[in-house]
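Trainee: Input file: input-v7.tsv. Contents: TSV, C-alpha atoms.
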chain	number	residue	atom	x	y	z
A	888	MET	CA	30.49	25.53	22.93
A	889	LYS	CA	29.95	22.57	25.25
A	890	PHE	CA	27.08	20.21	24.55
A	891	GLY	CA	25.18	21.17	27.68
A	892	LYS	CA	25.03	24.81	26.59
A	893	ARG	CA	24.09	23.88	23.02
A	894	LEU	CA	21.31	21.65	24.34
A	895	ARG	CA	19.98	24.39	26.59
A	896	GLN	CA	19.93	26.76	23.62
A	897	THR	CA	18.15	24.16	21.49
A	898	VAL	CA	15.53	23.59	24.19
A	899	GLU	CA	14.92	27.33	24.57
A	900	GLU	CA	14.43	27.71	20.82
A	901	SER	CA	12.15	24.68	20.51
A	902	LEU	CA	8.37	24.58	20.36
A	903	PRO	CA	6.76	24.61	23.83
A	904	GLU	CA	5.55	21.00	23.57
A	905	TYR	CA	9.14	19.83	23.03
A	906	ARG	CA	10.90	21.72	25.81
A	907	GLU	CA	10.26	19.30	28.66
A	908	LYS	CA	10.79	16.25	26.45
A	909	PHE	CA	14.50	16.52	25.73
A	910	VAL	CA	16.93	14.40	27.71
A	911	ALA	CA	17.55	16.05	31.10
A	912	TYR	CA	21.29	16.24	30.52
A	913	LYS	CA	22.02	18.54	33.45
A	914	ARG	CA	20.14	16.32	35.90
A	915	LEU	CA	21.97	13.23	34.66
A	916	LYS	CA	25.29	15.03	35.13
A	917	LYS	CA	24.27	15.81	38.69
A	918	GLU	CA	23.52	12.12	39.30
A	919	ILE	CA	26.98	11.21	38.01
A	920	PHE	CA	28.78	13.58	40.39
A	921	GLN	CA	26.61	12.64	43.34
A	922	GLY	CA	27.24	8.97	42.61
A	923	SER	CA	30.96	9.64	42.33
A	924	ARG	CA	31.04	11.20	45.81
A	925	SER	CA	29.23	8.25	47.33
A	926	GLU	CA	31.13	5.61	45.37
A	927	GLY	CA	33.28	4.77	48.32
A	928	GLN	CA	30.20	3.77	50.26
A	929	ASN	CA	28.59	1.88	47.35
A	930	SER	CA	30.65	-0.79	45.62
A	931	THR	CA	28.38	-0.78	42.61
A	932	GLY	CA	29.40	2.79	41.72
A	933	PRO	CA	27.32	5.47	40.00
A	934	SER	CA	26.85	3.51	36.77
A	935	ARG	CA	24.73	0.97	38.66
A	936	GLY	CA	23.05	3.34	41.06
A	937	SER	CA	20.72	6.29	40.80
A	938	PHE	CA	22.31	7.40	37.53
A	939	MET	CA	20.97	4.36	35.69
A	940	VAL	CA	17.53	4.81	37.25
A	941	GLU	CA	17.40	8.37	35.93
A	942	PHE	CA	18.93	7.34	32.62
A	943	ARG	CA	16.21	4.75	32.02
A	944	ARG	CA	13.52	7.21	33.00
A	945	GLU	CA	14.86	9.79	30.55
A	946	LEU	CA	15.16	7.23	27.76
A	947	ASP	CA	11.56	6.12	28.26
A	948	LYS	CA	10.42	9.75	28.28
A	949	VAL	CA	12.11	10.50	24.98
A	950	ASN	CA	10.85	7.30	23.35
A	951	ASP	CA	7.28	7.86	24.49
A	952	PHE	CA	7.22	11.41	23.15
A	953	TYR	CA	8.77	10.36	19.85
A	954	LEU	CA	6.32	7.51	19.30
A	955	ASN	CA	3.31	9.69	20.14
A	956	LYS	CA	4.41	12.36	17.69
A	957	GLN	CA	5.19	9.81	15.01
A	958	GLU	CA	1.76	8.20	15.39
A	959	ASP	CA	0.11	11.59	14.94
A	960	PHE	CA	2.23	12.27	11.86
A	961	ILE	CA	1.31	8.90	10.30
A	962	ILE	CA	-2.40	9.65	10.68
A	963	ARG	CA	-2.02	13.11	9.14
A	964	PHE	CA	0.25	11.76	6.40
A	965	GLU	CA	-2.33	9.15	5.39
A	966	LEU	CA	-5.09	11.76	5.26
A	967	LEU	CA	-3.01	14.12	3.13
A	968	SER	CA	-1.90	11.30	0.83
A	969	LYS	CA	-5.56	10.39	0.22
A	970	MET	CA	-6.38	14.02	-0.52
A	971	ALA	CA	-3.41	14.19	-2.89
A	972	ARG	CA	-4.53	10.98	-4.62
A	973	ASP	CA	-8.02	12.41	-5.12
A	974	ALA	CA	-6.51	15.62	-6.49
A	975	VAL	CA	-4.45	13.73	-9.06
A	976	ASP	CA	-7.37	11.49	-10.07
A	977	ARG	CA	-9.71	14.48	-10.47
A	978	PRO	CA	-7.53	17.54	-11.09
A	979	GLY	CA	-10.42	19.51	-12.58
A	980	GLU	CA	-12.27	19.44	-9.26
A	981	LEU	CA	-9.44	21.00	-7.26
A	982	THR	CA	-9.90	24.73	-6.83
A	983	ARG	CA	-6.99	27.13	-6.54
A	984	MET	CA	-7.78	27.79	-2.88
A	985	GLY	CA	-8.17	24.07	-2.26
A	986	ALA	CA	-4.75	23.40	-3.78
A	987	LEU	CA	-3.16	26.17	-1.72
A	988	ASN	CA	-4.74	24.87	1.47
A	989	LEU	CA	-3.62	21.30	0.77
A	990	LYS	CA	-0.09	22.42	-0.01
A	991	ARG	CA	0.04	24.52	3.15
A	992	ARG	CA	-0.96	21.51	5.23
A	993	MET	CA	1.70	19.41	3.53
A	994	VAL	CA	4.37	22.04	4.14
A	995	ASP	CA	3.32	22.33	7.80
A	996	LEU	CA	3.56	18.56	8.25
A	997	TYR	CA	6.93	18.52	6.51
A	998	GLY	CA	8.22	21.16	8.94
A	999	GLU	CA	6.91	19.33	12.00
A	1000	MET	CA	8.41	16.03	10.89
A	1001	SER	CA	11.76	17.71	10.28
A	1002	THR	CA	11.58	19.11	13.82
A	1003	LEU	CA	11.03	15.61	15.21
A	1004	GLU	CA	13.97	14.33	13.16
A	1005	HIS	CA	16.17	17.01	14.74
A	1006	TYR	CA	14.80	16.05	18.17
A	1007	SER	CA	15.97	12.49	17.56
A	1008	ILE	CA	19.46	13.60	16.58
A	1009	VAL	CA	19.90	15.91	19.57
A	1010	ASN	CA	18.75	13.32	22.09
A	1011	ARG	CA	20.84	10.57	20.55
A	1012	THR	CA	23.87	12.82	20.97
A	1013	GLY	CA	22.87	13.65	24.54
A	1014	PHE	CA	22.58	10.04	25.62
A	1015	ARG	CA	25.91	9.16	24.01
A	1016	LYS	CA	27.73	12.02	25.67
A	1017	ILE	CA	26.26	11.45	29.12
A	1018	LEU	CA	27.25	7.77	29.00
A	1019	LYS	CA	30.76	8.76	28.00
A	1020	LYS	CA	30.89	11.23	30.87
A	1021	ASN	CA	29.68	8.57	33.29
A	1022	ASP	CA	32.38	6.15	32.13
A	1023	LYS	CA	35.05	8.78	32.59
A	1024	LYS	CA	33.91	9.76	36.05
A	1025	SER	CA	33.24	6.25	37.37
A	1026	GLY	CA	36.01	4.35	35.62
A	1027	SER	CA	33.41	2.12	34.04
A	1028	HIS	CA	33.54	0.83	30.47
A	1029	SER	CA	29.86	-0.01	30.11
A	1030	GLY	CA	28.79	3.15	28.27
A	1031	GLY	CA	29.43	1.72	24.83
A	1032	SER	CA	27.31	-1.37	25.37
A	1033	ILE	CA	24.52	0.65	26.97
A	1034	PHE	CA	24.52	3.05	24.03
A	1035	GLN	CA	24.08	0.09	21.67
A	1036	VAL	CA	20.81	-0.56	23.48
A	1037	VAL	CA	19.86	3.10	23.05
A	1038	LEU	CA	20.45	2.76	19.31
A	1039	ILE	CA	17.78	0.09	18.95
A	1040	THR	CA	15.08	1.98	20.84
A	1041	PRO	CA	12.30	3.68	18.81
A	1042	PHE	CA	13.41	7.30	18.88
A	1043	THR	CA	16.70	6.53	17.10
A	1044	LYS	CA	15.04	4.55	14.29
A	1045	VAL	CA	13.95	7.39	12.04
A	1046	GLY	CA	13.37	5.33	8.89
A	1047	VAL	CA	9.59	5.76	9.05
A	1048	LEU	CA	9.96	9.48	9.59
A	1049	ASN	CA	12.46	9.86	6.75
A	1050	ASP	CA	10.16	7.96	4.38
A	1051	MET	CA	7.28	10.31	5.18
A	1052	ILE	CA	9.48	13.39	4.82
A	1053	ARG	CA	10.65	12.20	1.42
A	1054	ASP	CA	7.15	11.25	0.30
A	1055	ILE	CA	5.58	14.52	1.42
A	1056	GLN	CA	8.12	16.32	-0.77
A	1057	ASP	CA	7.01	14.21	-3.73
A	1058	MET	CA	3.36	14.93	-2.98
A	1059	ILE	CA	4.05	18.66	-2.93
A	1060	HIS	CA	5.77	18.30	-6.30
A	1061	ALA	CA	2.76	16.38	-7.66
A	1062	LEU	CA	0.44	19.10	-6.37
A	1063	ASP	CA	2.53	21.76	-8.11
A	1064	SER	CA	2.23	19.70	-11.31
A	1065	ILE	CA	-1.55	19.82	-10.98
A	1066	ARG	CA	-1.43	23.60	-10.75
A	1067	HIS	CA	0.76	23.73	-13.85
A	1068	TYR	CA	-1.61	21.36	-15.66
A	1069	ARG	CA	-4.63	23.50	-14.80
A	1070	GLU	CA	-2.88	26.68	-15.91
A	1071	SER	CA	-1.60	25.30	-19.22
A	1072	ASN	CA	-4.10	22.49	-19.78
A	1073	SER	CA	-1.54	20.79	-22.01
A	1074	PRO	CA	-1.04	17.05	-22.57
A	1075	GLN	CA	2.62	17.40	-21.60
A	1076	SER	CA	1.77	18.83	-18.18
A	1077	ALA	CA	-0.82	16.11	-17.66
A	1078	VAL	CA	1.90	13.52	-18.29
A	1079	GLY	CA	4.21	15.32	-15.89
A	1080	MET	CA	1.50	15.34	-13.25
A	1081	ARG	CA	1.03	11.59	-13.59
A	1082	MET	CA	4.75	10.93	-13.52
A	1083	SER	CA	5.08	12.94	-10.31
A	1084	TRP	CA	2.34	10.95	-8.68
A	1085	ASN	CA	3.59	7.60	-9.96
A	1086	GLY	CA	7.01	8.46	-8.55
A	1087	TRP	CA	5.45	8.78	-5.13
A	1088	GLN	CA	3.18	5.76	-5.57
A	1089	GLY	CA	6.00	3.31	-5.99
A	1090	GLY	CA	7.62	2.29	-9.22
A	1091	ASP	CA	11.21	1.81	-8.18
A	1092	ARG	CA	10.44	3.40	-4.82
A	1093	LYS	CA	10.02	1.08	-1.87
A	1094	SER	CA	8.28	3.46	0.50
A	1095	SER	CA	4.52	3.02	0.78
A	1096	LEU	CA	1.87	3.26	3.46
A	1097	TRP	CA	1.97	-0.42	4.35
A	1098	LYS	CA	5.75	-0.27	4.74
A	1099	ILE	CA	5.39	2.79	6.96
A	1100	HIS	CA	2.88	0.94	9.16
A	1101	ALA	CA	5.02	-2.20	9.33
A	1102	ALA	CA	8.14	-0.25	10.29
A	1103	ALA	CA	6.24	1.78	12.87
A	1104	GLU	CA	4.86	-1.36	14.48
A	1105	ALA	CA	8.36	-2.85	14.59
A	1106	GLU	CA	9.65	0.26	16.36
A	1107	ILE	CA	6.85	0.16	18.92
A	1108	ASP	CA	7.62	-3.50	19.63
A	1109	GLY	CA	11.34	-2.76	19.97
A	1110	PRO	CA	13.33	-3.21	23.17
A	1111	ARG	CA	12.40	-1.11	26.15
A	1112	TRP	CA	14.11	-0.54	29.48
A	1113	SER	CA	12.58	-2.53	32.28
A	1114	GLU	CA	12.43	-1.25	35.82
Written as structure tokens, that's how I'd like the structure from this file.
Mentor:
Amino acid sequence: MKFGKRLRQTVEESLPEYREKFVAYKRLKKEIFQGSRSEGQNSTGPSRGSFMVEFRRELDKVNDFYLNKQEDFIIRFELLSKMARDAVDRPGELTRMGALNLKRRMVDLYGEMSTLEHYSIVNRTGFRKILKKNDKKSGSHSGGSIFQVVLITPFTKVGVLNDMIRDIQDMIHALDSIRHYRESNSPQSAVGMRMSWNGWQGGDRKSSLWKIHAAAEAEIDGPRWSE
């Protein structure tokens, strides 16, 4: 199946808020062919004409959506991590329903972050393929260098997102350890609960909230297309 059809299927199966935020691959293809027909009248060719205007607009759209979603996820992640910390510090105060509700919120956030990770992968592939198509149609060889710019824009730098996905898994594991501790009330399960939490807190792990903030700020300050 060609990428355009796979992308259309992905968009149709996506959450409503995502559907208009994927790269407009079909529209960019149209710009390439229109530019190719008018190339004889424009010495700069399609790679320097309306195609690049649309390409930049699409790249900004994808980056803006990604950064907005990531910011929301960071806020929710911090809130849930505080709630998880409180649960580990005072396991006797966490009710069964409270634990279930907290875990459900963690699982929901995990799913949403995984969706955004997939969004990044699909769009990265779309931009690469449309640049390759533009090179082929126009005879240009600039696609590779342009794609290198794409690769240093925020939506492709999923390190922050991957750290949160990994950490939310550890928090869910720590929460399950609390449930086991409450059910058995044994010293061994209490140790396991603490080890689960300490594994998330740091130890040999390098991911932490301040690193997440620092990386997110670096992504926001990354290169952007100028008009």
Trainee: Kindly indicate which residue among A:Lys956, A:Asp1057, A:Ile961, A:Leu915 lies nearest to A:Val940, using only C-alpha atoms for the distances.
Mentor: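 Among the listed residues, the smallest separation from A:Val940 belongs to A:Leu915.
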Trainee: Can you list, as a PyMOL selection string, every protein, DNA or RNA residue that comes within 9 Å of A:Phe890 when you count all atoms listed in the file, leaving out same-chain residues fewer than 2 positions away?
Mentor: chain A and resi 888+892-895+1012-1013+1016
Trainee: Could you check the closest approach to A:Ser937 for each of A:Asp973, A:Ile1039, A:Glu907, A:Asn1021 and tell me which residue wins, using all atoms listed in the file?
Mentor: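 Of the candidates, the smallest distance to A:Ser937 is held by A:Asn1021.
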Trainee: Of the residues A:Thr897, A:Gln921, A:Phe909, A:His1060, which is the one nearest to A:Lys1024, using all atoms listed in the file?
Mentor: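 Nearest to A:Lys1024: A:Gln921.
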Trainee: Using Å and a single decimal, report how far atom CA of A:Lys969 sits from atom CA of A:Ile1065.
Mentor: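 Separation between atom CA of A:Ile1065 and atom CA of A:Lys969: 15.2 Å.
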Trainee: Pick out the closest residue to A:Asp1050 from this set: A:Met1000, A:Leu967, A:Leu1038, A:Val1009. Count all atoms listed in the file.
Mentor: A:Met1000
Trainee: In Å, rounded to a single decimal, give me how far atom CA of A:Phe1014 is from atom CA of A:Gly1026.
Mentor: 17.7 Å
Trainee: Which residues, written as a list in words, have at least one atom at most 12 Å from A:Lys990, with all atoms listed in the file counted and residues fewer than 6 positions away on the same chain left out?
Mentor: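 Close residues of A:Lys990: Leu967, Ser968, Met970, Ala971, Ala974, Leu981, Arg983, Met984, Leu996, Tyr997, Ile1055, Gln1056, Asp1057, Met1058, Ile1059, His1060, Ala1061, Leu1062, Asp1063, Ser1064, Ile1065 and Arg1066 of chain A.
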Trainee: With C-alpha atoms retained, write the just-selected residues as a CSV table (one decimal), keeping the file's coordinate frame.
Mentor:
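The resulting file, selection24.csv, is shown below:
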chain,number,residue,atom,x,y,z
A,967,LEU,CA,-3.0,14.1,3.1
A,968,SER,CA,-1.9,11.3,0.8
A,970,MET,CA,-6.4,14.0,-0.5
A,971,ALA,CA,-3.4,14.2,-2.9
A,974,ALA,CA,-6.5,15.6,-6.5
A,981,LEU,CA,-9.4,21.0,-7.3
A,983,ARG,CA,-7.0,27.1,-6.5
A,984,MET,CA,-7.8,27.8,-2.9
A,996,LEU,CA,3.6,18.6,8.2
A,997,TYR,CA,6.9,18.5,6.5
A,1055,ILE,CA,5.6,14.5,1.4
A,1056,GLN,CA,8.1,16.3,-0.8
A,1057,ASP,CA,7.0,14.2,-3.7
A,1058,MET,CA,3.4,14.9,-3.0
A,1059,ILE,CA,4.0,18.7,-2.9
A,1060,HIS,CA,5.8,18.3,-6.3
A,1061,ALA,CA,2.8,16.4,-7.7
A,1062,LEU,CA,0.4,19.1,-6.4
A,1063,ASP,CA,2.5,21.8,-8.1
A,1064,SER,CA,2.2,19.7,-11.3
A,1065,ILE,CA,-1.6,19.8,-11.0
A,1066,ARG,CA,-1.4,23.6,-10.8
Trainee: Go ahead and compute the interatomic distance for atom CA of A:Ile919 and atom CA of A:Asn950, in Å to one decimal.
Mentor: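 If I compute the distance from atom CA of A:Ile919 to atom CA of A:Asn950, I get 22.1 Å.
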Trainee: Go through A:Glu900, A:Leu1003, A:Gly891, A:Arg943 one by one, measure the shortest atom-to-atom distance of each to A:Glu958 using all atoms listed in the file, and give the residue with the smallest value.
Mentor: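 Smallest separation from A:Glu958 among the options: A:Leu1003.
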Trainee: Given all atoms listed in the file as the basis, pick out the residue of A:Lys917, A:His1005, A:Arg1053, A:Lys1044 nearest to A:Lys1020.
Mentor: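 Ranked by minimum distance to A:Lys1020, first place goes to A:Lys917.
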Trainee: Quick test: take stretch 948-961 of chain A, keep N, CA, C and O atoms, and write it as a short mmCIF file (atom, residue, chain, number, x, y, z; two decimals), in the first residue's frame.
Mentor:
data_model
loop_
_atom_site.label_atom_id
_atom_site.label_comp_id
_atom_site.auth_asym_id
_atom_site.auth_seq_id
_atom_site.Cartn_x
_atom_site.Cartn_y
_atom_site.Cartn_z
N LYS A 948 2.72 23.65 11.45
CA LYS A 948 1.46 23.12 11.99
C LYS A 948 1.71 21.89 12.85
O LYS A 948 1.20 21.78 13.98
N VAL A 949 2.49 20.97 12.33
CA VAL A 949 2.79 19.74 13.05
C VAL A 949 3.58 20.03 14.33
O VAL A 949 3.27 19.49 15.40
N ASN A 950 4.56 20.91 14.24
CA ASN A 950 5.36 21.25 15.43
C ASN A 950 4.52 21.92 16.50
O ASN A 950 4.66 21.62 17.69
N ASP A 951 3.66 22.84 16.10
CA ASP A 951 2.82 23.54 17.07
C ASP A 951 1.89 22.57 17.80
O ASP A 951 1.74 22.64 19.03
N PHE A 952 1.28 21.67 17.05
CA PHE A 952 0.38 20.70 17.67
C PHE A 952 1.15 19.79 18.63
O PHE A 952 0.70 19.54 19.75
N TYR A 953 2.30 19.32 18.19
CA TYR A 953 3.10 18.43 19.02
C TYR A 953 3.51 19.11 20.33
O TYR A 953 3.39 18.53 21.41
N LEU A 954 3.99 20.33 20.24
CA LEU A 954 4.44 21.04 21.43
C LEU A 954 3.29 21.33 22.39
O LEU A 954 3.45 21.24 23.61
N ASN A 955 2.13 21.67 21.87
CA ASN A 955 0.97 21.92 22.73
C ASN A 955 0.55 20.65 23.46
O ASN A 955 0.25 20.69 24.67
N LYS A 956 0.53 19.53 22.75
CA LYS A 956 0.17 18.27 23.39
C LYS A 956 1.22 17.87 24.43
O LYS A 956 0.90 17.42 25.53
N GLN A 957 2.48 18.04 24.08
CA GLN A 957 3.54 17.67 25.01
C GLN A 957 3.48 18.51 26.28
O GLN A 957 3.67 17.99 27.39
N GLU A 958 3.20 19.79 26.14
CA GLU A 958 3.09 20.66 27.31
C GLU A 958 1.97 20.18 28.23
O GLU A 958 2.12 20.15 29.46
N ASP A 959 0.84 19.83 27.64
CA ASP A 959 -0.28 19.31 28.43
C ASP A 959 0.11 18.02 29.14
O ASP A 959 -0.21 17.83 30.32
N PHE A 960 0.83 17.15 28.45
CA PHE A 960 1.24 15.88 29.04
C PHE A 960 2.22 16.10 30.20
O PHE A 960 2.17 15.38 31.20
N ILE A 961 3.12 17.06 30.07
CA ILE A 961 4.08 17.34 31.14
C ILE A 961 3.35 17.79 32.41
O ILE A 961 3.66 17.34 33.52
#
